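> Let me begin by handing over the structure; questions about it come next.
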Amino acid sequence: MRYTSTILILILLFVYACSSNEEKKAEACKKPGEVTNPNGMSELSQIMEEWYAALKAAGDSIKVGKFAKNIPAFDEKKPLTAQTSQPDMRKDNFGPFLEQFFYNYNNLRKATDGYAQASEFNLTVKACVNCHEQYCHGPIVRINKLRIADI
């Protein structure tokens, strides 16, 4: 009986150690800089992640003095109907914030020289921040890191 109890305890400890190790491995497998949304990824969050990725790629080029090419176009109507992470998140002034974002973003895409591109890039980032100041403060620090300091 004593050996059976000892073996059972050892098996339980082994199982616990392995499961604890799996959690640590999963945490270690996260990509550096990966953002975890505490509310989950709503449709609108996913759309904004696509915008962020496009802006990050363009900004990285602009910051090293290269003209950003192939800046993708986005569906301007999709964010108006996309599911949000919280039901009451989208208010009456969401539309104008979205219009301002796309105005600046499309000007960024149309820019023909590096200075204009950098200026429109920062205006696009500012449009994101302005909206997030009203709706969802969480990503503001991350968005501000996109800014181009010296233009």
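Ligands are numbered from 1 in the order shown, residues from 1 within each chain, and chains are lettered A, B, ... in the order they appear in the structure tokens.
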Which polymer residues have any atom within 10 Å of an atom of Phe74 (chain A), counting only C-alpha atoms, with same-chain residues fewer than 5 positions away left out, as a count of residues only?

8

> Would you mind reading off the distance between CA of Glu99 (chain A) and CA of Pro87 (chain A), one decimal, in Å?

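Taking CA of Glu99 (chain A) and CA of Pro87 (chain A), their separation equals 21.1 Å.
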
> Residues at most 12 Å from region 144-149 of chain A, counting only C-alpha atoms, excluding those fewer than 5 positions away in the same chain, as a PyMOL selection string?

chain A and resi 51-65+114-115+117-130+132-133+137-139

> Just how far from CA of Ile143 (chain A) is CA of Lys91 (chain A), in Å to one decimal?

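That distance, rounded to one decimal, is 21.1 Å.
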
> Mind checking DSSP for region 96-151 of chain A and telling me the alpha helix (DSSP H) residues as number ranges by chain?

A: 96-110, 114-134, 140-144

> Counting only C-alpha atoms, which of A:Arg90, A:Asp113, A:Lys77, A:Met48 gets nearest to Gln134 (chain A)?

A:Arg90

> I need the residue nearest Leu108 (chain A) from this list: A:Asp88, A:Ile71, A:Gln46, A:Ala82. Use only C-alpha atoms for the distance.

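For Leu108 (chain A), the nearest of the given residues is A:Ile71.
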
> What gap, in Å, lies between CA of Phe94 (chain A) and CA of Asn70 (chain A)?

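CA of Asn70 (chain A) lies 27.4 Å from CA of Phe94 (chain A).
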
> Nearest to Ala116 (chain A): which of A:Phe67, A:Met41, A:Asp75, A:Glu49 is it, counting only C-alpha atoms?

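Closest residue, counting only C-alpha atoms: A:Phe67.
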